[in-house]
Amino acid sequence: MQQLLTFTIIGLSTGAIYAVVASGLVVTYTTSGIFNLAHGATGMLAAFTYWQLRFDWDVPAPIALFLTLFVLCPLFGALTERVVMRGLQGTTEVVRLSVTVALFAFMIGLANWVWPSDSSREAFLKFFEGNSVSIAGINVSWHRIITFGCAILVAIVLRLVLFRTRMGVAMRAVVDDRNLTELNGGRPDRVSMFAWALSATLAGLAGILLAGEQQLNIEPLVLLVINAYAAAIIGRLKNLPLTFLGAAVLGLLDSYYLAYSDESWFPQSAFGFSLAGIRAAIPTIVLFIALLTRPQSRLRAGIVRFREETRVPEWSTSILGAVSLVAVVVAISGMLTRSNTLLLLNGFTMAIVALSLVPLTGYAGQMSLAPLTFAGLGAIAMAKLPGDGNIATFVLAVVIVAVVGGIVALPALRLSGIYLALSTAAFAVLVTKLVFNQKQTFQSGNIAVPILKIPFVEIDSPRGRLILTATAFSLLGLLVVAVRRSRLGRRLIALKDSPAAAATLGMNLTRTKVAAFALSAGIGACAGALAGDKVSPQQYDFTQSLPVVLLAVVGGVGTVGGALFGGLLLGGNSVLASVVPSLKNLSKILPGTIGITLGRNPSGAATQTAEAFRVLKGRWNLLVFIGAGAFVIWALTAADVLSHWTFVVTGVVWFLAVAPNLPLVVASSSARRATAVVYLAAGLVITAAIDWSTALDVTGQRLIAIVILVAVIGLGAQRIMESGPRVRADSPDVIGLDRDFSGEEIERAERELRVVIR
Amino acid sequence: MTEPILELRNIRAGYGAIEVLHDLSFAVGRGQVVVLLGPNGAGKSTAIKVVSGLLRPNSGQLIVAGRDVTGARPDALARAGLCTIPEGRGIFPNLTVRENLVMATFTGFKLADVEERAYSRFPRLSERRNQLAGTMSGGEQQMLSLARALATEPAILLLDELSMGLAPKIVAELYEQVASIADDGVSVLVVEQFARTVLGVADWAVVLAHGTVQAAGPASEIGEDVLAGAYLGSSPT
């Protein structure tokens, strides 16, 4: 009895912290429609800041608390809203969620940078450490009592703010109708800013309370948010009393598990599988149950027009791209060092994982936060199935995981948007905690995945695996293109654009969603089955999935090129970290920083780049010229005139800075043309004249040099020609709307629509 | 006509590359009720968006009470006395009736005053003050949006398709309220597809077609032939 009471109090006090976190989540979700995955990370940063002030700089506790909670946190929240979230209106849930993932990555990177985990730190003390009172014979620390008090205070204050103040009413009004709020004279931007500031303060409060209870570590503080998700979902993301109830239940479950898991009657295993990971999985299981008992989301009628736009890929460009990708990899792989080969290999593996998101997230608009989980399952299947890596084993492994993907999708089918994303996250965490840590899967921490056996070809070097993986990416990319151009592809797009319209046309939404999930799981499984090396469960952890999702969206999740871009960026980012220790910290915040800019360009980088190259389409003379230039650069390298790094730098400058500008050069007036040609040529020659292998001795600096060169040369040339006549790649949708069609435009429109011209 | 309270001068506006309003000019005099008529796609709602500040014109001037307010934010215009009831229902469905009225206090009025005026004009809203606005009938929802116009004493009232989805009887009742608001001296600019419903209330009518003014004149003198011409696409003779 004594034990039960003690653990009830512990559980309730943990629950009180969850409640504070969850209420902050609810505040931002209800006011801006953005589910802030980085909410826990905000609390983590606040806890670290408080520690810095209070224990490292010895600021008195009340002042440190005031500074953290009422100055820095609101400032941070308001800044987040102003800089990051405001640009996200009119984007899809996928993009909005990705931006919070980016913020999450950014903040963890920042914390790792400022407070490295290896340095020794003074302890983070509870409030009034050592003081406790006795309630009904049980010692309760002052810290716990303060925690309860805070939760109750938060509940009361939130209730009053949301329902009794005009700001609170306006906060809820903005969710209903942003424009109408403005027409009423309200200022939605200010309202959102206030909401984010309030939410950051709540996160900070929870972070500080929890850091006193546990210790100052990044991970538990960040993952605290998973418990809070479960509580928030129990409250249906808007009902605060239910949220508090959910938080209490979660806290109690955790505490009772601690109390009774050692008892003899408590099951230690089920069906031969150990249940050791269950404690960490409790919130996830609750989250899953809460999600599945949610009422089915109603189909939204009407046309939703998003800012993201992607085109239907064409066979000619797709095949050309696939072939040249493999050719480029074959050509450059001979020049790479072993470690760089492995990094590029990792990049292509990640690109395949990112590719698995293209049909599911890009086409069908179903957000998944678990792409790597399927890769992990693929790796296990490849290693465990008999056949030691022959093609039949590979195919079987992929098919099995695809079926698993389809089955897993079944309970999640009723969900959409944020709820679906969270259920995939729950699935990923469950698999990590309950499947990957079993001795039947990853015994002794890792397993060896056999290299795929292909007839007549022996693959044993990293270079061979790199070429194999790049080829696999190209083939899977073509598969995805084929899907997009097929009936299934149109169904997936329909699912994203208007589920209601698709349903009224008689389309089976369930079957389409299952197909999308199975296809995605199958592609993801390929990445794992092709690992060809020892793999560990950490590689397929849920937290590793988040950067993949993020970079896929950054690259442009609607296109195969976007997946490649995202995967390689992820690989290239680790290049930066491993080769340049001085830039290691920068690389920590890099993915996050890139992702935060998504609001400006929600279609992704690949789409934007493709738009820049669209002006080249059909201009064979220019394409031949670009190809010839690339050949010259390659030939000079082969003849040892250019070093390998100069080859890379010059090649990138040629393709990214010079090539997209060529049509502009051709079209501009003669005086400007001359200036631009001289400028571009000079830039190119200077680039090629520098031996980048010796001029800079670390890869990271060279990569930064590439970015700067491309920007200076490419944008500089554009600036020169700016006032001249511009060749724009207008969308054919808008030709002739404000004036009459010209003959050339009619021809272009017919080409776009593939109308047969005589 | 003395100095107009609202004037559009050579407004060009649209969405992205698509221009909807081509050189649109008209004015609303003080205390006048002006109705914008025209077929689907003529640019009526776009004109309302420009006036309310939701859409920034590409060129031209928006003059309110003699001052150039082109490009002003909608919330600033609202606080300055421009009350807009947008197309559809001008209410927040997930707020209660009372909270909807709280939103009207951004214009500087006290909640008690707003509530008193709204409930005295529409007693039915008083019965439903703690009900979610979205759960009321369409007519009651429009009453609520009109209540905002009544209670905040705007200088100008913009109404966009008040009749949408409502029974003719309710529409007639609502326009009676509009007429009484106008009697209090509020200038009203109203967009309506169903011309006959509003011509009885309006002083002046402007017929739009293809984003520009096709005809304008006293509401009583706008003949069937002009309307038919505008709606059916032939030019008036």
# chains A, B, ... in the order shown; residues from 1 in each chain; ligands from 1
call {"tool": "closest_atom_pairs", "arguments": {"of": "chain B", "to": "chain A", "cutoff": "6 Å", "atoms": "only C-alpha atoms", "output": "tab-separated table"}}
result
residue	atom	partner	partner_atom	distance
B:Pro74	CA	A:Glu182	CA	5.7
B:Asp75	CA	A:Gly185	CA	4.0
B:Ala78	CA	A:Gly185	CA	4.7
B:Arg79	CA	A:Gly185	CA	5.1
B:Phe92	CA	A:Asp176	CA	5.8
B:Ala104	CA	A:Asn184	CA	5.9
B:Phe106	CA	A:Gly185	CA	5.3
call {"tool": "residues_around", "arguments": {"residues": "region 199-210 of chain B", "least_positions_apart": "2", "cutoff": "9 Å", "atoms": "only C-alpha atoms", "output": "VMD selection string"}}
result
chain B and resid 20 to 22 24 26 28 32 to 44 175 to 176 178 to 179 188 190 195 to 197 212 to 222 226 to 227 230 to 231 233
call {"tool": "residues_around", "arguments": {"residues": "Gly406 (chain A)", "least_positions_apart": "4", "cutoff": "6 Å", "atoms": "only C-alpha atoms", "output": "JSON, numbers by chain"}}
result
{"A": [514, 517, 518]}
call {"tool": "select_by_dssp", "arguments": {"residues": "region 67-223 of chain B", "states": "helix (DSSP H, G or I)", "output": "JSON, numbers by chain"}}
result
{"B": [74, 75, 76, 77, 78, 79, 97, 98, 99, 100, 101, 102, 103, 104, 105, 106, 107, 111, 112, 113, 114, 115, 116, 117, 118, 119, 120, 121, 123, 124, 125, 126, 127, 133, 134, 135, 138, 139, 140, 141, 142, 143, 144, 145, 146, 147, 148, 149, 150, 151, 168, 169, 170, 171, 172, 173, 174, 175, 176, 177, 178, 179, 180, 181, 182, 183, 195, 196, 197, 198, 199, 219, 220, 221]}
call {"tool": "write_last_selection", "arguments": {"atoms": "C-alpha atoms", "output": "PDB file, in the first residue's frame"}}
result
ATOM      1  CA  PRO B  74      -7.102  44.772 -43.746  1.00  0.00           C
ATOM      2  CA  ASP B  75      -6.920  44.902 -39.966  1.00  0.00           C
ATOM      3  CA  ALA B  76      -5.909  48.560 -40.078  1.00  0.00           C
ATOM      4  CA  LEU B  77      -8.833  49.349 -42.392  1.00  0.00           C
ATOM      5  CA  ALA B  78     -11.167  47.414 -40.118  1.00  0.00           C
ATOM      6  CA  ARG B  79     -10.097  49.385 -37.080  1.00  0.00           C
ATOM      7  CA  VAL B  97     -21.742  33.550 -30.383  1.00  0.00           C
ATOM      8  CA  ARG B  98     -20.475  35.640 -27.523  1.00  0.00           C
ATOM      9  CA  GLU B  99     -16.852  35.055 -28.479  1.00  0.00           C
ATOM     10  CA  ASN B 100     -17.686  36.102 -32.014  1.00  0.00           C
ATOM     11  CA  LEU B 101     -18.880  39.367 -30.552  1.00  0.00           C
ATOM     12  CA  VAL B 102     -15.649  39.614 -28.550  1.00  0.00           C
ATOM     13  CA  MET B 103     -13.866  39.613 -31.887  1.00  0.00           C
ATOM     14  CA  ALA B 104     -15.864  42.670 -32.866  1.00  0.00           C
ATOM     15  CA  THR B 105     -14.291  44.652 -30.029  1.00  0.00           C
ATOM     16  CA  PHE B 106     -11.032  45.112 -31.920  1.00  0.00           C
ATOM     17  CA  THR B 107     -12.742  48.129 -33.414  1.00  0.00           C
ATOM     18  CA  LEU B 111     -17.992  44.118 -25.226  1.00  0.00           C
ATOM     19  CA  ALA B 112     -21.007  45.074 -23.126  1.00  0.00           C
ATOM     20  CA  ASP B 113     -22.086  47.680 -25.717  1.00  0.00           C
ATOM     21  CA  VAL B 114     -21.556  45.295 -28.609  1.00  0.00           C
ATOM     22  CA  GLU B 115     -23.546  42.581 -26.883  1.00  0.00           C
ATOM     23  CA  GLU B 116     -26.361  44.895 -25.931  1.00  0.00           C
ATOM     24  CA  ARG B 117     -26.813  46.247 -29.444  1.00  0.00           C
ATOM     25  CA  ALA B 118     -26.505  42.830 -31.071  1.00  0.00           C
ATOM     26  CA  TYR B 119     -28.991  41.158 -28.746  1.00  0.00           C
ATOM     27  CA  SER B 120     -31.514  43.959 -28.873  1.00  0.00           C
ATOM     28  CA  ARG B 121     -31.568  43.826 -32.672  1.00  0.00           C
ATOM     29  CA  PRO B 123     -32.963  38.522 -29.731  1.00  0.00           C
ATOM     30  CA  ARG B 124     -32.383  35.057 -31.104  1.00  0.00           C
ATOM     31  CA  LEU B 125     -28.616  35.529 -30.765  1.00  0.00           C
ATOM     32  CA  SER B 126     -29.077  36.255 -27.090  1.00  0.00           C
ATOM     33  CA  GLU B 127     -30.693  32.855 -26.595  1.00  0.00           C
ATOM     34  CA  ALA B 133     -21.663  29.771 -33.969  1.00  0.00           C
ATOM     35  CA  GLY B 134     -21.060  27.057 -36.557  1.00  0.00           C
ATOM     36  CA  THR B 135     -23.955  25.024 -35.182  1.00  0.00           C
ATOM     37  CA  GLY B 138     -27.408  29.743 -42.023  1.00  0.00           C
ATOM     38  CA  GLY B 139     -29.776  32.651 -41.426  1.00  0.00           C
ATOM     39  CA  GLU B 140     -28.758  32.950 -37.780  1.00  0.00           C
ATOM     40  CA  GLN B 141     -25.108  32.895 -38.792  1.00  0.00           C
ATOM     41  CA  GLN B 142     -25.675  35.806 -41.156  1.00  0.00           C
ATOM     42  CA  MET B 143     -27.567  37.613 -38.389  1.00  0.00           C
ATOM     43  CA  LEU B 144     -24.450  37.234 -36.268  1.00  0.00           C
ATOM     44  CA  SER B 145     -22.240  38.666 -38.975  1.00  0.00           C
ATOM     45  CA  LEU B 146     -24.670  41.559 -39.484  1.00  0.00           C
ATOM     46  CA  ALA B 147     -24.702  42.084 -35.727  1.00  0.00           C
ATOM     47  CA  ARG B 148     -21.038  42.950 -35.947  1.00  0.00           C
ATOM     48  CA  ALA B 149     -21.837  45.560 -38.572  1.00  0.00           C
ATOM     49  CA  LEU B 150     -24.608  46.965 -36.413  1.00  0.00           C
ATOM     50  CA  ALA B 151     -22.705  47.083 -33.180  1.00  0.00           C
ATOM     51  CA  PRO B 168     -35.460  33.903 -50.210  1.00  0.00           C
ATOM     52  CA  LYS B 169     -37.563  34.813 -47.176  1.00  0.00           C
ATOM     53  CA  ILE B 170     -34.483  34.985 -44.948  1.00  0.00           C
ATOM     54  CA  VAL B 171     -32.622  36.962 -47.585  1.00  0.00           C
ATOM     55  CA  ALA B 172     -35.434  39.510 -47.659  1.00  0.00           C
ATOM     56  CA  GLU B 173     -35.295  39.814 -43.856  1.00  0.00           C
ATOM     57  CA  LEU B 174     -31.547  40.280 -43.903  1.00  0.00           C
ATOM     58  CA  TYR B 175     -31.795  43.027 -46.492  1.00  0.00           C
ATOM     59  CA  GLU B 176     -34.352  44.785 -44.311  1.00  0.00           C
ATOM     60  CA  GLN B 177     -31.643  44.908 -41.673  1.00  0.00           C
ATOM     61  CA  VAL B 178     -29.167  46.202 -44.234  1.00  0.00           C
ATOM     62  CA  ALA B 179     -31.632  48.940 -45.127  1.00  0.00           C
ATOM     63  CA  SER B 180     -31.965  49.952 -41.503  1.00  0.00           C
ATOM     64  CA  ILE B 181     -28.195  50.015 -41.108  1.00  0.00           C
ATOM     65  CA  ALA B 182     -28.068  52.314 -44.112  1.00  0.00           C
ATOM     66  CA  ASP B 183     -30.752  54.514 -42.545  1.00  0.00           C
ATOM     67  CA  ALA B 195     -30.080  41.713 -58.771  1.00  0.00           C
ATOM     68  CA  ARG B 196     -33.756  42.190 -57.968  1.00  0.00           C
ATOM     69  CA  THR B 197     -33.265  41.387 -54.279  1.00  0.00           C
ATOM     70  CA  VAL B 198     -31.036  44.387 -53.748  1.00  0.00           C
ATOM     71  CA  LEU B 199     -32.105  46.953 -56.276  1.00  0.00           C
ATOM     72  CA  ALA B 219     -30.654  51.775 -58.892  1.00  0.00           C
ATOM     73  CA  SER B 220     -34.200  52.563 -59.923  1.00  0.00           C
ATOM     74  CA  GLU B 221     -33.098  53.317 -63.467  1.00  0.00           C
TER      75      GLU B 221
END
call {"tool": "atom_distance", "arguments": {"atom1": "CA of Ala425 (chain A)", "atom2": "CA of Leu546 (chain A)"}}
result
9.4 Å
call {"tool": "closest_residue", "arguments": {"among": "A:Asn239, A:Thr432, A:Thr147, A:Thr637", "to": "Thr543 (chain A)", "atoms": "only C-alpha atoms"}}
result
A:Thr432
call {"tool": "atom_distance", "arguments": {"atom1": "CA of Ser520 (chain A)", "atom2": "CA of Asn437 (chain A)"}}
result
23.8 Å
call {"tool": "closest_residue", "arguments": {"among": "B:Leu157, B:Ala17, B:Ala47, B:Met164", "to": "Leu62 (chain B)", "atoms": "only C-alpha atoms"}}
result
B:Ala47
call {"tool": "atom_distance", "arguments": {"atom1": "CA of His143 (chain A)", "atom2": "CA of Ile10 (chain A)"}}
result
11.2 Å
call {"tool": "closest_residue", "arguments": {"among": "A:Val161, A:Leu125, A:Leu242, A:Val649", "to": "Ala61 (chain A)", "atoms": "only C-alpha atoms"}}
result
A:Leu125
call {"tool": "select_by_dssp", "arguments": {"residues": "region 24-220 of chain B", "states": "strand (DSSP E or B)", "output": "number ranges by chain"}}
result
B: 24-28, 33-37, 59-64, 67-68, 82-85, 96, 132, 156-160, 187-191, 204-209, 212-218
call {"tool": "closest_atom_pairs", "arguments": {"of": "region 140-215 of chain B", "to": "region 83-87 of chain B", "cutoff": "6 Å", "atoms": "only C-alpha atoms", "output": "Markdown table"}}
result
| residue | atom | partner | partner_atom | distance |
| --- | --- | --- | --- | --- |
| B:Pro154 | CA | B:Cys83 | CA | 5.9 |
| B:Leu157 | CA | B:Cys83 | CA | 4.8 |
| B:Leu158 | CA | B:Thr84 | CA | 4.6 |
| B:Leu159 | CA | B:Ile85 | CA | 5.1 |
| B:Asp160 | CA | B:Glu87 | CA | 4.8 |
| B:Glu161 | CA | B:Glu87 | CA | 5.5 |
call {"tool": "residues_around", "arguments": {"residues": "Arg67 (chain B)", "least_positions_apart": "6", "cutoff": "10 Å", "atoms": "only C-alpha atoms", "output": "VMD selection string"}}
result
chain B and resid 5 to 7 61
call {"tool": "decode", "arguments": {"residues": "region 220-263 of chain A", "atoms": "N, CA and C atoms", "output": "compact mmCIF listing (two decimals), in the first residue's frame"}}
result
# COMPACT_ATOMS: atom_id res chain seq x y z
N PRO A 220 16.67 12.53 -23.19
CA PRO A 220 15.40 12.36 -22.48
C PRO A 220 14.54 13.62 -22.52
N LEU A 221 15.20 14.77 -22.49
CA LEU A 221 14.43 16.01 -22.51
C LEU A 221 13.71 16.19 -23.84
N VAL A 222 14.40 15.82 -24.92
CA VAL A 222 13.79 16.00 -26.23
C VAL A 222 12.67 14.99 -26.44
N LEU A 223 12.93 13.75 -26.01
CA LEU A 223 11.95 12.70 -26.26
C LEU A 223 10.76 12.78 -25.30
N LEU A 224 10.90 13.63 -24.31
CA LEU A 224 9.79 13.92 -23.41
C LEU A 224 8.55 14.25 -24.22
N VAL A 225 8.81 14.84 -25.36
CA VAL A 225 7.71 15.31 -26.17
C VAL A 225 6.84 14.16 -26.66
N ILE A 226 7.43 12.96 -26.81
CA ILE A 226 6.62 11.82 -27.27
C ILE A 226 5.52 11.52 -26.26
N ASN A 227 5.89 11.55 -24.98
CA ASN A 227 4.86 11.37 -23.95
C ASN A 227 3.80 12.44 -24.05
N ALA A 228 4.28 13.66 -24.31
CA ALA A 228 3.33 14.76 -24.41
C ALA A 228 2.43 14.61 -25.62
N TYR A 229 2.98 14.07 -26.75
CA TYR A 229 2.13 13.84 -27.93
C TYR A 229 0.95 12.99 -27.54
N ALA A 230 1.28 11.88 -26.82
CA ALA A 230 0.22 10.95 -26.45
C ALA A 230 -0.85 11.67 -25.64
N ALA A 231 -0.40 12.48 -24.67
CA ALA A 231 -1.37 13.21 -23.85
C ALA A 231 -2.18 14.18 -24.70
N ALA A 232 -1.49 14.87 -25.61
CA ALA A 232 -2.18 15.86 -26.45
C ALA A 232 -3.18 15.18 -27.37
N ILE A 233 -2.82 14.00 -27.87
CA ILE A 233 -3.74 13.30 -28.77
C ILE A 233 -4.95 12.80 -27.99
N ILE A 234 -4.72 12.35 -26.74
CA ILE A 234 -5.86 11.95 -25.91
C ILE A 234 -6.81 13.13 -25.76
N GLY A 235 -6.24 14.32 -25.67
CA GLY A 235 -7.07 15.52 -25.61
C GLY A 235 -7.50 16.00 -26.98
N ARG A 236 -7.35 15.15 -28.00
CA ARG A 236 -7.74 15.48 -29.37
C ARG A 236 -7.14 16.80 -29.84
N LEU A 237 -6.01 17.14 -29.31
CA LEU A 237 -5.25 18.33 -29.71
C LEU A 237 -5.98 19.63 -29.43
N LYS A 238 -7.09 19.59 -28.69
CA LYS A 238 -7.70 20.86 -28.37
C LYS A 238 -8.31 20.89 -26.97
N ASN A 239 -8.66 19.73 -26.46
CA ASN A 239 -9.34 19.70 -25.18
C ASN A 239 -8.31 19.65 -24.04
N LEU A 240 -8.16 20.75 -23.31
CA LEU A 240 -7.12 20.80 -22.28
C LEU A 240 -7.39 19.89 -21.08
N PRO A 241 -8.62 19.83 -20.53
CA PRO A 241 -8.84 18.92 -19.41
C PRO A 241 -8.51 17.47 -19.76
N LEU A 242 -8.95 17.01 -20.94
CA LEU A 242 -8.65 15.64 -21.35
C LEU A 242 -7.14 15.45 -21.49
N THR A 243 -6.47 16.49 -21.99
CA THR A 243 -5.02 16.41 -22.14
C THR A 243 -4.36 16.19 -20.79
N PHE A 244 -4.83 16.93 -19.78
CA PHE A 244 -4.26 16.78 -18.45
C PHE A 244 -4.53 15.38 -17.90
N LEU A 245 -5.75 14.87 -18.16
CA LEU A 245 -6.08 13.52 -17.72
C LEU A 245 -5.14 12.51 -18.38
N GLY A 246 -4.96 12.65 -19.68
CA GLY A 246 -4.07 11.75 -20.41
C GLY A 246 -2.66 11.80 -19.84
N ALA A 247 -2.20 13.00 -19.53
CA ALA A 247 -0.85 13.14 -18.98
C ALA A 247 -0.73 12.40 -17.66
N ALA A 248 -1.76 12.50 -16.82
CA ALA A 248 -1.73 11.82 -15.53
C ALA A 248 -1.68 10.31 -15.74
N VAL A 249 -2.51 9.81 -16.66
CA VAL A 249 -2.52 8.37 -16.92
C VAL A 249 -1.14 7.90 -17.35
N LEU A 250 -0.51 8.66 -18.26
CA LEU A 250 0.81 8.27 -18.76
C LEU A 250 1.83 8.26 -17.63
N GLY A 251 1.80 9.29 -16.80
CA GLY A 251 2.74 9.36 -15.70
C GLY A 251 2.57 8.16 -14.77
N LEU A 252 1.30 7.82 -14.47
CA LEU A 252 1.03 6.71 -13.57
C LEU A 252 1.48 5.39 -14.17
N LEU A 253 1.19 5.18 -15.47
CA LEU A 253 1.59 3.93 -16.11
C LEU A 253 3.09 3.73 -15.99
N ASP A 254 3.83 4.81 -16.28
CA ASP A 254 5.28 4.73 -16.24
C ASP A 254 5.76 4.38 -14.83
N SER A 255 5.17 5.07 -13.86
CA SER A 255 5.59 4.89 -12.48
C SER A 255 5.23 3.50 -11.96
N TYR A 256 4.03 3.01 -12.30
CA TYR A 256 3.64 1.67 -11.86
C TYR A 256 4.49 0.62 -12.52
N TYR A 257 4.88 0.88 -13.76
CA TYR A 257 5.76 -0.09 -14.42
C TYR A 257 7.05 -0.21 -13.63
N LEU A 258 7.61 0.95 -13.27
CA LEU A 258 8.84 0.96 -12.48
C LEU A 258 8.66 0.16 -11.19
N ALA A 259 7.48 0.34 -10.56
CA ALA A 259 7.26 -0.26 -9.27
C ALA A 259 7.09 -1.77 -9.36
N TYR A 260 6.40 -2.23 -10.40
CA TYR A 260 5.98 -3.62 -10.39
C TYR A 260 6.64 -4.50 -11.44
N SER A 261 7.49 -3.95 -12.30
CA SER A 261 8.02 -4.77 -13.38
C SER A 261 8.95 -5.86 -12.86
N ASP A 262 9.46 -5.70 -11.64
CA ASP A 262 10.36 -6.74 -11.12
C ASP A 262 9.61 -7.86 -10.41
N GLU A 263 8.31 -7.67 -10.19
CA GLU A 263 7.55 -8.68 -9.48
C GLU A 263 7.47 -9.96 -10.31
